[in-house]
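Trainee: work_8.cif is reproduced in full below (mmCIF, C-alpha atoms).
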```
data_start
loop_
_atom_site.label_atom_id
_atom_site.label_comp_id
_atom_site.auth_asym_id
_atom_site.auth_seq_id
_atom_site.Cartn_x
_atom_site.Cartn_y
_atom_site.Cartn_z
CA MET A 27 -15.21 2.57 7.59
CA ASP A 28 -14.12 4.48 10.69
CA LEU A 29 -10.47 5.45 10.16
CA ARG A 30 -10.30 7.87 13.08
CA THR A 31 -7.28 7.75 15.35
CA ARG A 32 -5.66 9.88 18.03
CA TRP A 33 -2.05 11.06 18.20
CA LEU A 34 -0.39 13.65 20.47
CA GLY A 35 -3.75 14.65 21.89
CA LEU A 36 -5.06 15.33 18.38
CA ASP A 37 -8.20 13.73 16.97
CA LEU A 38 -7.33 12.74 13.40
CA SER A 39 -9.73 11.63 10.67
CA HIS A 40 -7.33 8.91 9.48
CA PRO A 41 -3.79 7.69 10.29
CA VAL A 42 -1.81 9.14 7.34
CA VAL A 43 0.32 12.09 8.46
CA PHE A 44 2.39 14.27 6.13
CA GLY A 45 5.90 13.75 7.53
CA ALA A 46 8.66 16.32 7.90
CA SER A 47 10.40 16.91 4.59
CA ALA A 48 11.43 19.58 2.11
CA LEU A 49 7.81 19.58 0.89
CA THR A 50 6.80 21.53 4.00
CA HIS A 51 9.45 24.25 3.64
CA THR A 52 6.93 26.65 2.10
CA LEU A 53 3.39 27.75 2.83
CA ASP A 54 2.36 26.59 -0.64
CA GLY A 55 3.72 23.11 0.10
CA ILE A 56 1.84 23.03 3.40
CA ARG A 57 -1.39 24.01 1.66
CA GLN A 58 -0.84 21.26 -0.91
CA ALA A 59 -0.35 18.76 1.91
CA ALA A 60 -3.65 19.75 3.49
CA ASP A 61 -5.46 19.77 0.13
CA GLY A 62 -3.98 16.33 -0.59
CA GLY A 63 -5.81 14.92 2.42
CA ALA A 64 -3.18 14.80 5.19
CA ALA A 65 -4.67 14.11 8.62
CA ALA A 66 -1.90 16.25 10.13
CA ILE A 67 1.27 17.92 8.91
CA VAL A 68 4.74 17.79 10.48
CA LEU A 69 6.85 20.76 9.46
CA HIS A 70 10.44 20.33 8.35
CA SER A 71 12.89 20.40 11.24
CA LEU A 72 14.42 23.42 12.88
CA PHE A 73 17.96 22.31 13.70
CA GLU A 74 19.92 22.84 16.89
CA GLU A 75 22.75 24.19 14.73
CA GLN A 76 20.48 26.83 13.20
CA ILE A 77 19.39 28.09 16.59
CA ARG A 78 22.94 28.18 17.89
CA ARG A 79 24.22 29.91 14.78
CA GLU A 80 21.63 32.67 14.97
CA SER A 81 22.15 33.11 18.70
CA GLU A 82 25.91 33.31 18.23
CA ALA A 83 25.47 35.81 15.41
CA THR A 84 23.33 37.99 17.67
CA TRP A 85 25.97 37.88 20.38
CA GLU A 86 28.69 38.73 17.87
CA ALA A 87 26.77 41.71 16.51
CA VAL A 88 25.28 43.00 19.76
CA ASP A 89 26.41 41.68 23.09
CA ARG A 90 30.11 41.49 22.25
CA HIS A 91 30.25 45.29 21.87
CA ALA A 92 27.75 46.23 24.56
CA HIS A 93 30.31 46.60 27.32
CA LEU A 94 33.13 48.34 25.48
CA SER A 95 32.09 51.51 27.28
CA ALA A 96 29.54 52.56 29.86
CA GLU A 97 27.72 54.51 27.18
CA ALA A 98 27.49 51.47 24.87
CA MET A 99 25.68 49.45 27.53
CA GLY A 100 22.45 51.29 26.83
CA TYR A 101 22.49 50.88 23.07
CA PHE A 102 20.88 47.46 22.87
CA PRO A 103 18.30 45.49 24.85
CA GLU A 104 19.42 42.38 26.65
CA PRO A 105 19.35 39.29 24.35
CA ASP A 106 16.51 37.64 26.30
CA THR A 107 14.15 40.51 25.41
CA PHE A 108 13.93 39.55 21.75
CA ALA A 109 13.80 36.33 19.79
CA THR A 110 17.23 35.08 18.79
CA GLY A 111 16.01 31.89 17.10
CA PRO A 112 15.27 31.55 13.38
CA ALA A 113 12.34 33.91 12.97
CA ALA A 114 11.47 32.60 9.52
CA TYR A 115 10.44 29.22 10.97
CA LEU A 116 8.15 30.90 13.48
CA ARG A 117 6.55 33.01 10.77
CA LEU A 118 5.96 29.94 8.60
CA LEU A 119 4.41 28.10 11.52
CA GLU A 120 2.09 31.00 12.33
CA LYS A 121 1.00 31.32 8.69
CA ALA A 122 0.51 27.57 8.35
CA ARG A 123 -1.80 27.41 11.37
CA ARG A 124 -3.97 30.11 9.80
CA ALA A 125 -3.85 28.65 6.29
CA VAL A 126 -4.90 25.02 6.91
CA ASP A 127 -7.55 23.35 9.04
CA VAL A 128 -5.52 20.29 10.04
CA PRO A 129 -3.06 20.10 12.96
CA VAL A 130 0.45 21.44 12.27
CA VAL A 131 3.19 19.78 14.32
CA ALA A 132 6.47 21.67 14.72
CA SER A 133 9.76 19.76 14.59
CA LEU A 134 13.01 20.36 16.49
CA ASN A 135 16.12 18.42 15.50
CA GLY A 136 19.02 18.17 17.91
CA SER A 137 21.17 15.95 20.08
CA THR A 138 21.92 17.66 23.40
CA ALA A 139 19.98 19.06 26.35
CA THR A 140 21.43 22.56 26.05
CA GLY A 141 19.69 25.92 25.76
CA TRP A 142 18.34 25.34 22.25
CA VAL A 143 15.63 23.01 23.58
CA HIS A 144 13.90 26.02 25.18
CA TYR A 145 13.07 27.21 21.68
CA ALA A 146 10.20 24.73 21.99
CA LYS A 147 8.43 27.41 24.01
CA GLU A 148 8.61 29.77 21.02
CA LEU A 149 7.09 27.11 18.79
CA GLU A 150 4.28 26.64 21.29
CA SER A 151 3.63 30.39 21.33
CA ALA A 152 3.59 30.44 17.52
CA GLY A 153 0.66 28.02 17.55
CA ALA A 154 2.13 24.56 17.06
CA SER A 155 -0.48 21.83 17.59
CA ALA A 156 2.17 19.53 19.07
CA LEU A 157 5.93 19.05 18.90
CA GLU A 158 8.14 16.37 17.40
CA LEU A 159 11.69 16.16 18.75
CA ASN A 160 14.01 14.45 16.28
CA LEU A 161 17.02 13.23 18.26
CA TYR A 162 19.38 12.60 15.36
CA PHE A 163 23.02 11.98 16.15
CA MET A 164 25.67 9.31 15.71
CA ALA A 165 27.39 7.92 18.80
CA THR A 166 30.98 8.18 17.54
CA ASP A 167 32.83 8.88 20.79
CA ALA A 168 34.45 5.69 22.06
CA ASP A 169 34.56 7.16 25.57
CA GLU A 170 30.79 7.67 25.68
CA THR A 171 29.03 4.64 27.17
CA PRO A 172 25.66 3.30 25.99
CA ASN A 173 24.14 4.56 29.25
CA GLU A 174 25.48 8.04 28.57
CA VAL A 175 24.03 7.99 25.05
CA GLU A 176 20.62 7.06 26.43
CA ASP A 177 20.94 9.65 29.19
CA ARG A 178 21.55 12.32 26.55
CA VAL A 179 18.41 11.33 24.65
CA VAL A 180 16.23 11.28 27.75
CA ALA A 181 17.66 14.54 29.11
CA ALA A 182 16.91 16.40 25.86
CA ALA A 183 13.37 15.05 25.77
CA ALA A 184 12.75 15.80 29.45
CA ALA A 185 13.98 19.39 29.00
CA VAL A 186 11.50 19.97 26.17
CA VAL A 187 8.60 18.33 28.03
CA ALA A 188 9.29 20.50 31.07
CA ASP A 189 9.27 23.68 28.98
CA VAL A 190 5.96 23.31 27.12
CA LYS A 191 2.35 22.28 27.65
CA LEU A 192 2.25 20.72 24.18
CA GLN A 193 2.28 16.97 23.71
CA VAL A 194 5.75 15.83 22.62
CA ALA A 195 6.77 13.01 20.29
CA VAL A 196 10.37 11.80 20.13
CA LYS A 197 11.70 10.52 16.83
CA LEU A 198 14.34 7.89 17.53
CA SER A 199 16.99 6.02 15.61
CA PRO A 200 17.03 2.20 15.68
CA PHE A 201 20.59 2.19 17.07
CA HIS A 202 19.96 1.78 20.79
CA SER A 203 21.35 -1.03 22.90
CA SER A 204 17.92 -1.58 24.46
CA LEU A 205 15.20 0.29 22.64
CA PRO A 206 12.40 -0.87 25.01
CA HIS A 207 14.35 0.52 27.97
CA THR A 208 14.91 3.84 26.21
CA VAL A 209 11.20 4.03 25.42
CA ARG A 210 10.30 3.27 29.04
CA ARG A 211 12.52 6.12 30.23
CA LEU A 212 11.00 8.52 27.69
CA GLU A 213 7.56 7.53 28.96
CA ALA A 214 8.64 8.34 32.52
CA ALA A 215 9.96 11.70 31.29
CA GLY A 216 6.49 12.68 30.07
CA VAL A 217 6.84 12.05 26.35
CA ARG A 218 3.53 11.16 24.66
CA SER A 219 4.70 9.32 21.52
CA VAL A 220 7.72 7.72 19.87
CA VAL A 221 8.22 7.89 16.11
CA LEU A 222 10.16 4.96 14.67
CA PHE A 223 12.59 5.55 13.02
CA ASN A 224 14.56 8.45 11.64
CA ARG A 225 16.75 7.51 8.68
CA PHE A 226 20.49 8.13 8.68
CA TYR A 227 21.69 9.40 5.35
CA GLN A 228 24.77 7.40 4.51
CA PRO A 229 27.68 9.13 2.75
CA ASP A 230 29.27 7.54 -0.28
CA ILE A 231 32.93 7.77 -1.32
CA GLU A 232 33.85 9.34 -4.63
CA ILE A 233 37.05 7.48 -5.51
CA GLU A 234 38.13 9.85 -8.31
CA THR A 235 37.90 13.08 -6.30
CA LEU A 236 38.60 11.38 -2.95
CA GLU A 237 35.61 12.99 -1.36
CA ALA A 238 32.87 11.81 0.96
CA VAL A 239 29.63 12.58 -0.85
CA PRO A 240 26.25 12.79 0.93
CA ARG A 241 23.51 10.92 -0.89
CA LEU A 242 19.80 11.35 -0.33
CA THR A 243 18.04 8.06 -1.03
CA LEU A 244 14.27 7.86 -0.83
CA SER A 245 12.80 5.03 1.19
CA ASP A 246 10.99 2.02 -0.26
CA PRO A 247 8.60 -0.53 1.33
CA ARG A 248 11.49 -2.73 2.45
CA ASP A 249 12.47 -0.03 4.94
CA LEU A 250 9.15 -0.54 6.71
CA LEU A 251 10.11 -4.01 7.99
CA LEU A 252 12.37 -2.72 10.76
CA ARG A 253 9.62 -0.35 11.91
CA LEU A 254 7.04 -3.15 11.94
CA ARG A 255 9.25 -5.35 14.10
CA TRP A 256 9.80 -2.77 16.82
CA ILE A 257 6.27 -1.40 16.83
CA ALA A 258 4.94 -4.95 17.17
CA LEU A 259 7.38 -5.56 20.04
CA LEU A 260 6.51 -2.33 21.85
CA TYR A 261 2.74 -2.37 21.41
CA GLY A 262 0.99 -3.03 24.72
CA ARG A 263 4.26 -2.75 26.66
CA THR A 264 4.23 1.04 26.81
CA SER A 265 1.52 3.65 27.16
CA LEU A 266 3.24 5.77 24.52
CA GLU A 267 1.55 6.21 21.18
CA LEU A 268 3.51 4.55 18.38
CA ALA A 269 4.10 6.15 15.00
CA ALA A 270 5.81 4.59 12.00
CA THR A 271 7.91 6.55 9.54
CA GLY A 272 10.02 5.18 6.71
CA GLY A 273 8.88 2.82 3.97
CA VAL A 274 5.17 3.67 3.83
CA HIS A 275 4.31 3.84 0.12
CA ARG A 276 1.18 1.74 -0.41
CA PRO A 277 -2.15 1.23 1.39
CA GLU A 278 -0.97 -2.20 2.54
CA ASP A 279 2.02 -0.54 4.24
CA VAL A 280 -0.36 1.61 6.30
CA ILE A 281 -2.42 -1.47 7.17
CA LYS A 282 0.66 -3.43 8.28
CA ALA A 283 1.81 -0.58 10.51
CA VAL A 284 -1.62 -0.30 12.15
CA MET A 285 -1.81 -4.06 12.69
CA ALA A 286 1.64 -3.95 14.30
CA GLY A 287 0.30 -1.30 16.70
CA ALA A 288 0.85 2.16 15.18
CA GLU A 289 -1.59 4.99 15.80
CA VAL A 290 -0.33 6.87 12.75
CA VAL A 291 2.12 6.59 9.89
CA GLN A 292 4.21 9.44 8.54
CA VAL A 293 4.84 9.58 4.80
CA ALA A 294 7.40 11.63 2.91
CA SER A 295 9.33 9.72 0.23
CA SER A 296 6.18 8.40 -1.45
CA LEU A 297 4.86 11.97 -1.64
CA VAL A 298 8.08 13.15 -3.25
CA ARG A 299 7.55 10.45 -5.89
CA HIS A 300 3.81 10.81 -6.41
CA GLY A 301 2.86 14.24 -5.07
CA PRO A 302 0.72 15.24 -2.06
CA GLY A 303 -2.40 13.79 -3.68
CA HIS A 304 -1.00 10.32 -2.94
CA ILE A 305 -2.21 10.72 0.65
CA ALA A 306 -5.81 10.42 -0.52
CA ALA A 307 -4.91 7.26 -2.45
CA LEU A 308 -3.38 5.75 0.69
CA ARG A 309 -6.36 6.72 2.84
CA ASP A 310 -8.95 5.43 0.38
CA GLY A 311 -6.99 2.23 -0.23
CA VAL A 312 -6.86 1.52 3.50
CA ALA A 313 -10.59 2.16 3.90
CA LYS A 314 -11.42 -0.12 0.97
CA TRP A 315 -9.29 -3.00 2.27
CA PHE A 316 -10.75 -2.83 5.77
CA GLU A 317 -14.30 -2.70 4.42
CA GLU A 318 -13.66 -5.70 2.17
CA HIS A 319 -12.32 -7.61 5.16
CA GLU A 320 -15.24 -6.57 7.37
CA TYR A 321 -13.44 -4.38 9.87
CA ALA A 322 -15.65 -1.77 11.49
CA SER A 323 -12.87 0.58 12.60
CA LEU A 324 -9.16 1.19 12.59
CA SER A 325 -9.01 0.54 16.33
CA GLN A 326 -10.30 -2.99 15.73
CA ALA A 327 -7.20 -3.79 13.68
CA ARG A 328 -4.62 -1.93 15.76
CA GLY A 329 -2.14 -4.26 17.42
CA SER A 330 -3.76 -7.39 16.02
CA MET A 331 -0.38 -8.54 14.66
CA SER A 332 1.72 -7.36 17.61
CA LEU A 333 3.65 -9.59 19.98
CA LEU A 334 1.51 -8.54 22.93
CA ARG A 335 0.29 -12.09 23.54
CA CYS A 336 3.73 -13.62 23.14
CA PRO A 337 5.25 -14.23 26.61
CA ASP A 338 8.85 -14.06 25.38
CA PRO A 339 9.27 -11.83 22.30
CA ALA A 340 13.04 -12.35 22.25
CA ALA A 341 12.62 -16.12 21.97
CA PHE A 342 9.94 -15.65 19.31
CA GLU A 343 12.25 -13.43 17.27
CA ARG A 344 15.18 -15.82 17.61
CA ALA A 345 13.05 -18.81 16.60
CA ASN A 346 11.95 -17.03 13.43
CA TYR A 347 15.55 -16.00 12.73
CA ALA A 348 16.78 -19.58 13.01
CA ARG A 349 13.90 -20.95 10.93
CA MET A 350 14.46 -18.40 8.18
CA LEU A 351 18.18 -19.17 7.86
CA GLN A 352 17.70 -22.93 7.97
CA THR A 353 14.89 -23.06 5.41
CA TRP A 354 16.19 -20.51 2.88
CA ARG A 355 17.29 -21.94 -0.45
CA THR A 356 18.85 -20.31 -3.50
CA GLY A 357 16.93 -20.09 -6.74
#
```
Would you write the structure of this file as structure tokens?

Mentor:
Amino acid sequence: MDLRTRWLGLDLSHPVVFGASALTHTLDGIRQAADGGAAAIVLHSLFEEQIRRESEATWEAVDRHAHLSAEAMGYFPEPDTFATGPAAYLRLLEKARRAVDVPVVASLNGSTATGWVHYAKELESAGASALELNLYFMATDADETPNEVEDRVVAAAAAVVADVKLQVAVKLSPFHSSLPHTVRRLEAAGVRSVVLFNRFYQPDIEIETLEAVPRLTLSDPRDLLLRLRWIALLYGRTSLELAATGGVHRPEDVIKAVMAGAEVVQVASSLVRHGPGHIAALRDGVAKWFEEHEYASLSQARGSMSLLRCPDPAAFERANYARMLQTWRTG
């Protein structure tokens, strides 16, 4: 069974990608991901706040005092002559590229098109195979219009694309007024892939201590349904490569995502539960199912359950919605 696929200009032996998570914080974890059979590895994210914090710390320690006297001006090099971003991430990326023989995709996590996006160039220089931009933020400002929210997403992506030669994927949230329109604009900006979707970690309220408590909840296969819907809707209506992340735990989840139209799936929660070796179980389970059902290749199945041939996807979705509510019975 030919499971080969292509994502971000990378030829992959199968569609199961080790997604960004705490498991890729160390070189040992990255090696385990490769040994477990990952077709590619996405490093944990480098956050906009980290880059800003380190840059601000450099200014505080160096530039703030550089002009106290004429003599002091010669003590330090200008900030743009040395790296002010988190050096540890760059070192990990460089070591990872040497340690494993599968592509290593760097990840930037931010929300604005400010100077931090140019750190993408440093990641490219460190040897990243491609770049994933995770645009994670909540639109909480009542004065910010939906158009302005979308403009912010597209501007950040366009700034990164303009700064590197690497292929860029954008990881989106599902909370857009018109996701197809956002995707079309990202395509025009030069993005190569969209990853659907990042997961917002919802805080809980501790009523005894009167505190908001962050809770990390692993995904389960039910989370995949939202991804399947939008990938099936987008397939064939954009040239961007589609990737699913969230809710992929079993071989059948991978198969569903491919049939909806995904080039790859990213897994994280299932690997936290079962270990990196679970990737091989997913890969082998997918191959077995396709062979039993007489598929010759992954590409033969891709998009076979999309809405590409449906002239009006919105009407199709609404008809299913109405039918589901009218036919549902308790018990």

Trainee: Apply the PyMOL selection byres ((chain A and resi 57) around 10) to the displayed file and report the matching residues as an MDAnalysis selection string.

Mentor: chainID A and resid 50 52:56 58:62 67 122 125:127 302

Trainee: List the spatial neighbours of Pro240 (chain A) as a list of chain:residue names - criterion: any atom at most 7 Å away, all atoms listed in the file, same-chain residues fewer than 4 positions off excluded.

Mentor: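 Answer for this query is A:Gln228, A:Pro229, A:Asp230.
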
Trainee: How would the residues just picked look written out with C-alpha atoms as a compact mmCIF listing (two decimals), in the frame of the given file?

Mentor:
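Ended up saving to again_27.txt:
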```txt
# COMPACT_ATOMS: atom_id res chain seq x y z
CA GLN A 228 24.77 7.40 4.51
CA PRO A 229 27.68 9.13 2.75
CA ASP A 230 29.27 7.54 -0.28
```

Trainee: Between CA of Arg218 (chain A) and CA of His144 (chain A), what distance in Å does the model show, to one decimal?

Mentor: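 That distance, rounded to one decimal, is 18.1 Å.
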
Trainee: In terms of the shortest atom-to-atom distance over all atoms listed in the file, which of A:Gln352, A:Ser325, A:Thr140, A:Ser151 is closest to Leu116 (chain A)?

Mentor: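 Checking each candidate against Leu116 (chain A), we get A:Ser151 as the closest.
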
Trainee: Enter the distance from CA of Ser245 (chain A) to CA of Asn224 (chain A), in Å, rounded to one decimal.

Mentor: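 Rounded to one decimal, the two atoms are 11.1 Å apart.
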
Trainee: Identify, on the basis of only C-alpha atoms, every residue whose closest approach to Glu289 (chain A) does not exceed 8 Å; exclude the query and any residue fewer than 3 positions from it along the same chain; express the result as a list in words.

Mentor: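 The residues satisfying every condition are Thr31, Arg32, Trp33, Pro41, Glu267, Leu268, Ala269, Val284 and Arg328 of chain A.
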
Trainee: Between CA of Leu333 (chain A) and CA of Arg178 (chain A), what is the distance, to one decimal in Å?

Mentor: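 These two atoms are separated by 29.0 Å.
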
Trainee: Give the answer as one residue: which of A:Lys314, A:His275, A:Arg309, A:Lys282 has the shortest atom-to-atom distance to Pro247 (chain A), using all atoms listed in the file?

Mentor: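 Answer, going by the shortest atom-to-atom distance: A:His275.
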
Trainee: The PyMOL selection byres ((chain A and resi 219) around 9) on the file shown: which residues, as a PyMOL selection string?

Mentor: chain A and resi 33-34+158+193-197+212-213+217-218+220-221+265-269

Trainee: Written as a ChimeraX atom specification, what is the full residue list that the PyMOL selection byres ((chain A and resi 114) around 12) yields on the file shown?

Mentor: /A:51-53,72,76-77,80,109-113,115-121,149,152

Trainee: I'd like a table as CSV: residues in region 222-252 of chain A with an atom no more than 10 Å from region 198-211 of chain A, each row giving the shortest atom pair and its distance in Å to one decimal, only C-alpha atoms counted, sorted by chain and rising residue number.

Mentor:
```
residue,atom,partner,partner_atom,distance
A:Leu222,CA,A:Leu198,CA,5.9
A:Phe223,CA,A:Ser199,CA,5.1
A:Asn224,CA,A:Ser199,CA,5.3
A:Arg225,CA,A:Ser199,CA,7.1
A:Phe226,CA,A:Ser199,CA,8.0
A:Leu252,CA,A:Pro200,CA,8.4
```

Trainee: Hey, which bits of region 226-261 of chain A sit within 10 Å of region 339-343 of chain A, and for each residue what's the closest pair of atoms and how far apart in Å (one decimal), counting only C-alpha atoms, rows by chain and increasing number, as CSV?

Mentor:
```
residue,atom,partner,partner_atom,distance
A:Arg255,CA,A:Glu343,CA,9.2
A:Ala258,CA,A:Pro339,CA,9.6
A:Leu259,CA,A:Pro339,CA,6.9
A:Leu260,CA,A:Pro339,CA,9.9
```

Trainee: The selected residues should be written to file as a PDB file, keeping the file's coordinate frame (atoms: C-alpha atoms).

Mentor:
```
ATOM      1  CA  ARG A 255       9.250  -5.350  14.100  1.00  0.00           C
ATOM      2  CA  ALA A 258       4.940  -4.950  17.170  1.00  0.00           C
ATOM      3  CA  LEU A 259       7.380  -5.560  20.040  1.00  0.00           C
ATOM      4  CA  LEU A 260       6.510  -2.330  21.850  1.00  0.00           C
TER       5      LEU A 260
END
```

Trainee: With 6 Å of padding per side, what axis-aligned box (centre and edge lengths, Å, one decimal) covers all the listed atoms of region 241-258 of chain A? Give it as AutoDock Vina command-line options.

Mentor:
```
--center_x 14.2 --center_y 3.0 --center_z 8.1 --size_x 30.6 --size_y 28.7 --size_z 30.2
```

Trainee: Tell me which of A:Ala188, A:Ile231, A:Val180, A:Met331 sits closest to Leu254 (chain A), counting all atoms listed in the file.

Mentor: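 Of A:Ala188, A:Ile231, A:Val180, A:Met331, the one nearest Leu254 (chain A), counting all atoms listed in the file, is A:Met331.
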
Trainee: Please list as a count of residues only every residue within 9 Å of Leu69 (chain A), counting only C-alpha atoms and excluding residues in the same chain fewer than 4 positions away.

Mentor: 14

Trainee: Reconstruct N, CA and C atoms of region 54-81 of chain A; output as a PDB file, keeping the file's coordinate frame.

Mentor:
```pdb
ATOM      1  N   ASP A  54       3.047  27.240   0.481  1.00  0.00           N
ATOM      2  CA  ASP A  54       2.360  26.590  -0.640  1.00  0.00           C
ATOM      3  C   ASP A  54       2.428  25.068  -0.492  1.00  0.00           C
ATOM      4  N   GLY A  55       3.593  24.552  -0.103  1.00  0.00           N
ATOM      5  CA  GLY A  55       3.720  23.110   0.100  1.00  0.00           C
ATOM      6  C   GLY A  55       2.831  22.609   1.216  1.00  0.00           C
ATOM      7  N   ILE A  56       2.701  23.404   2.279  1.00  0.00           N
ATOM      8  CA  ILE A  56       1.840  23.030   3.400  1.00  0.00           C
ATOM      9  C   ILE A  56       0.383  23.008   2.969  1.00  0.00           C
ATOM     10  N   ARG A  57      -0.014  23.998   2.175  1.00  0.00           N
ATOM     11  CA  ARG A  57      -1.390  24.010   1.660  1.00  0.00           C
ATOM     12  C   ARG A  57      -1.647  22.789   0.781  1.00  0.00           C
ATOM     13  N   GLN A  58      -0.681  22.437  -0.059  1.00  0.00           N
ATOM     14  CA  GLN A  58      -0.840  21.260  -0.910  1.00  0.00           C
ATOM     15  C   GLN A  58      -0.983  19.989  -0.076  1.00  0.00           C
ATOM     16  N   ALA A  59      -0.246  19.919   1.027  1.00  0.00           N
ATOM     17  CA  ALA A  59      -0.350  18.760   1.910  1.00  0.00           C
ATOM     18  C   ALA A  59      -1.748  18.643   2.492  1.00  0.00           C
ATOM     19  N   ALA A  60      -2.304  19.757   2.936  1.00  0.00           N
ATOM     20  CA  ALA A  60      -3.650  19.750   3.490  1.00  0.00           C
ATOM     21  C   ALA A  60      -4.679  19.417   2.411  1.00  0.00           C
ATOM     22  N   ASP A  61      -4.534  20.035   1.239  1.00  0.00           N
ATOM     23  CA  ASP A  61      -5.460  19.770   0.130  1.00  0.00           C
ATOM     24  C   ASP A  61      -5.349  18.318  -0.335  1.00  0.00           C
ATOM     25  N   GLY A  62      -4.170  17.724  -0.178  1.00  0.00           N
ATOM     26  CA  GLY A  62      -3.980  16.330  -0.590  1.00  0.00           C
ATOM     27  C   GLY A  62      -4.610  15.335   0.357  1.00  0.00           C
ATOM     28  N   GLY A  63      -5.092  15.806   1.514  1.00  0.00           N
ATOM     29  CA  GLY A  63      -5.810  14.920   2.420  1.00  0.00           C
ATOM     30  C   GLY A  63      -5.067  14.518   3.676  1.00  0.00           C
ATOM     31  N   ALA A  64      -3.937  15.168   3.989  1.00  0.00           N
ATOM     32  CA  ALA A  64      -3.180  14.800   5.190  1.00  0.00           C
ATOM     33  C   ALA A  64      -4.029  14.976   6.446  1.00  0.00           C
ATOM     34  N   ALA A  65      -3.955  14.000   7.343  1.00  0.00           N
ATOM     35  CA  ALA A  65      -4.670  14.110   8.620  1.00  0.00           C
ATOM     36  C   ALA A  65      -3.998  15.113   9.534  1.00  0.00           C
ATOM     37  N   ALA A  66      -2.697  15.264   9.393  1.00  0.00           N
ATOM     38  CA  ALA A  66      -1.900  16.250  10.130  1.00  0.00           C
ATOM     39  C   ALA A  66      -0.634  16.477   9.331  1.00  0.00           C
ATOM     40  N   ILE A  67       0.055  17.564   9.647  1.00  0.00           N
ATOM     41  CA  ILE A  67       1.270  17.920   8.910  1.00  0.00           C
ATOM     42  C   ILE A  67       2.390  18.173   9.915  1.00  0.00           C
ATOM     43  N   VAL A  68       3.540  17.524   9.682  1.00  0.00           N
ATOM     44  CA  VAL A  68       4.740  17.790  10.480  1.00  0.00           C
ATOM     45  C   VAL A  68       5.652  18.685   9.651  1.00  0.00           C
ATOM     46  N   LEU A  69       5.957  19.860  10.172  1.00  0.00           N
ATOM     47  CA  LEU A  69       6.850  20.760   9.460  1.00  0.00           C
ATOM     48  C   LEU A  69       8.261  20.184   9.381  1.00  0.00           C
ATOM     49  N   HIS A  70       9.031  20.691   8.408  1.00  0.00           N
ATOM     50  CA  HIS A  70      10.440  20.330   8.350  1.00  0.00           C
ATOM     51  C   HIS A  70      11.113  20.759   9.649  1.00  0.00           C
ATOM     52  N   SER A  71      12.255  20.185   9.943  1.00  0.00           N
ATOM     53  CA  SER A  71      12.890  20.400  11.240  1.00  0.00           C
ATOM     54  C   SER A  71      13.627  21.734  11.318  1.00  0.00           C
ATOM     55  N   LEU A  72      13.559  22.310  12.499  1.00  0.00           N
ATOM     56  CA  LEU A  72      14.420  23.420  12.880  1.00  0.00           C
ATOM     57  C   LEU A  72      15.588  22.805  13.647  1.00  0.00           C
ATOM     58  N   PHE A  73      16.814  23.017  13.165  1.00  0.00           N
ATOM     59  CA  PHE A  73      17.960  22.310  13.700  1.00  0.00           C
ATOM     60  C   PHE A  73      18.631  23.065  14.848  1.00  0.00           C
ATOM     61  N   GLU A  74      19.145  22.290  15.783  1.00  0.00           N
ATOM     62  CA  GLU A  74      19.920  22.840  16.890  1.00  0.00           C
ATOM     63  C   GLU A  74      21.007  23.777  16.373  1.00  0.00           C
ATOM     64  N   GLU A  75      21.670  23.382  15.278  1.00  0.00           N
ATOM     65  CA  GLU A  75      22.750  24.190  14.730  1.00  0.00           C
ATOM     66  C   GLU A  75      22.252  25.543  14.225  1.00  0.00           C
ATOM     67  N   GLN A  76      21.042  25.569  13.669  1.00  0.00           N
ATOM     68  CA  GLN A  76      20.480  26.830  13.200  1.00  0.00           C
ATOM     69  C   GLN A  76      20.237  27.791  14.368  1.00  0.00           C
ATOM     70  N   ILE A  77      19.692  27.262  15.430  1.00  0.00           N
ATOM     71  CA  ILE A  77      19.390  28.090  16.590  1.00  0.00           C
ATOM     72  C   ILE A  77      20.673  28.624  17.206  1.00  0.00           C
ATOM     73  N   ARG A  78      21.658  27.747  17.333  1.00  0.00           N
ATOM     74  CA  ARG A  78      22.940  28.180  17.890  1.00  0.00           C
ATOM     75  C   ARG A  78      23.600  29.226  17.005  1.00  0.00           C
ATOM     76  N   ARG A  79      23.558  28.996  15.696  1.00  0.00           N
ATOM     77  CA  ARG A  79      24.220  29.910  14.780  1.00  0.00           C
ATOM     78  C   ARG A  79      23.608  31.308  14.872  1.00  0.00           C
ATOM     79  N   GLU A  80      22.278  31.371  14.911  1.00  0.00           N
ATOM     80  CA  GLU A  80      21.630  32.670  14.970  1.00  0.00           C
ATOM     81  C   GLU A  80      21.872  33.338  16.318  1.00  0.00           C
ATOM     82  N   SER A  81      21.868  32.552  17.383  1.00  0.00           N
ATOM     83  CA  SER A  81      22.150  33.110  18.700  1.00  0.00           C
ATOM     84  C   SER A  81      23.571  33.635  18.782  1.00  0.00           C
TER      85      SER A  81
END
```
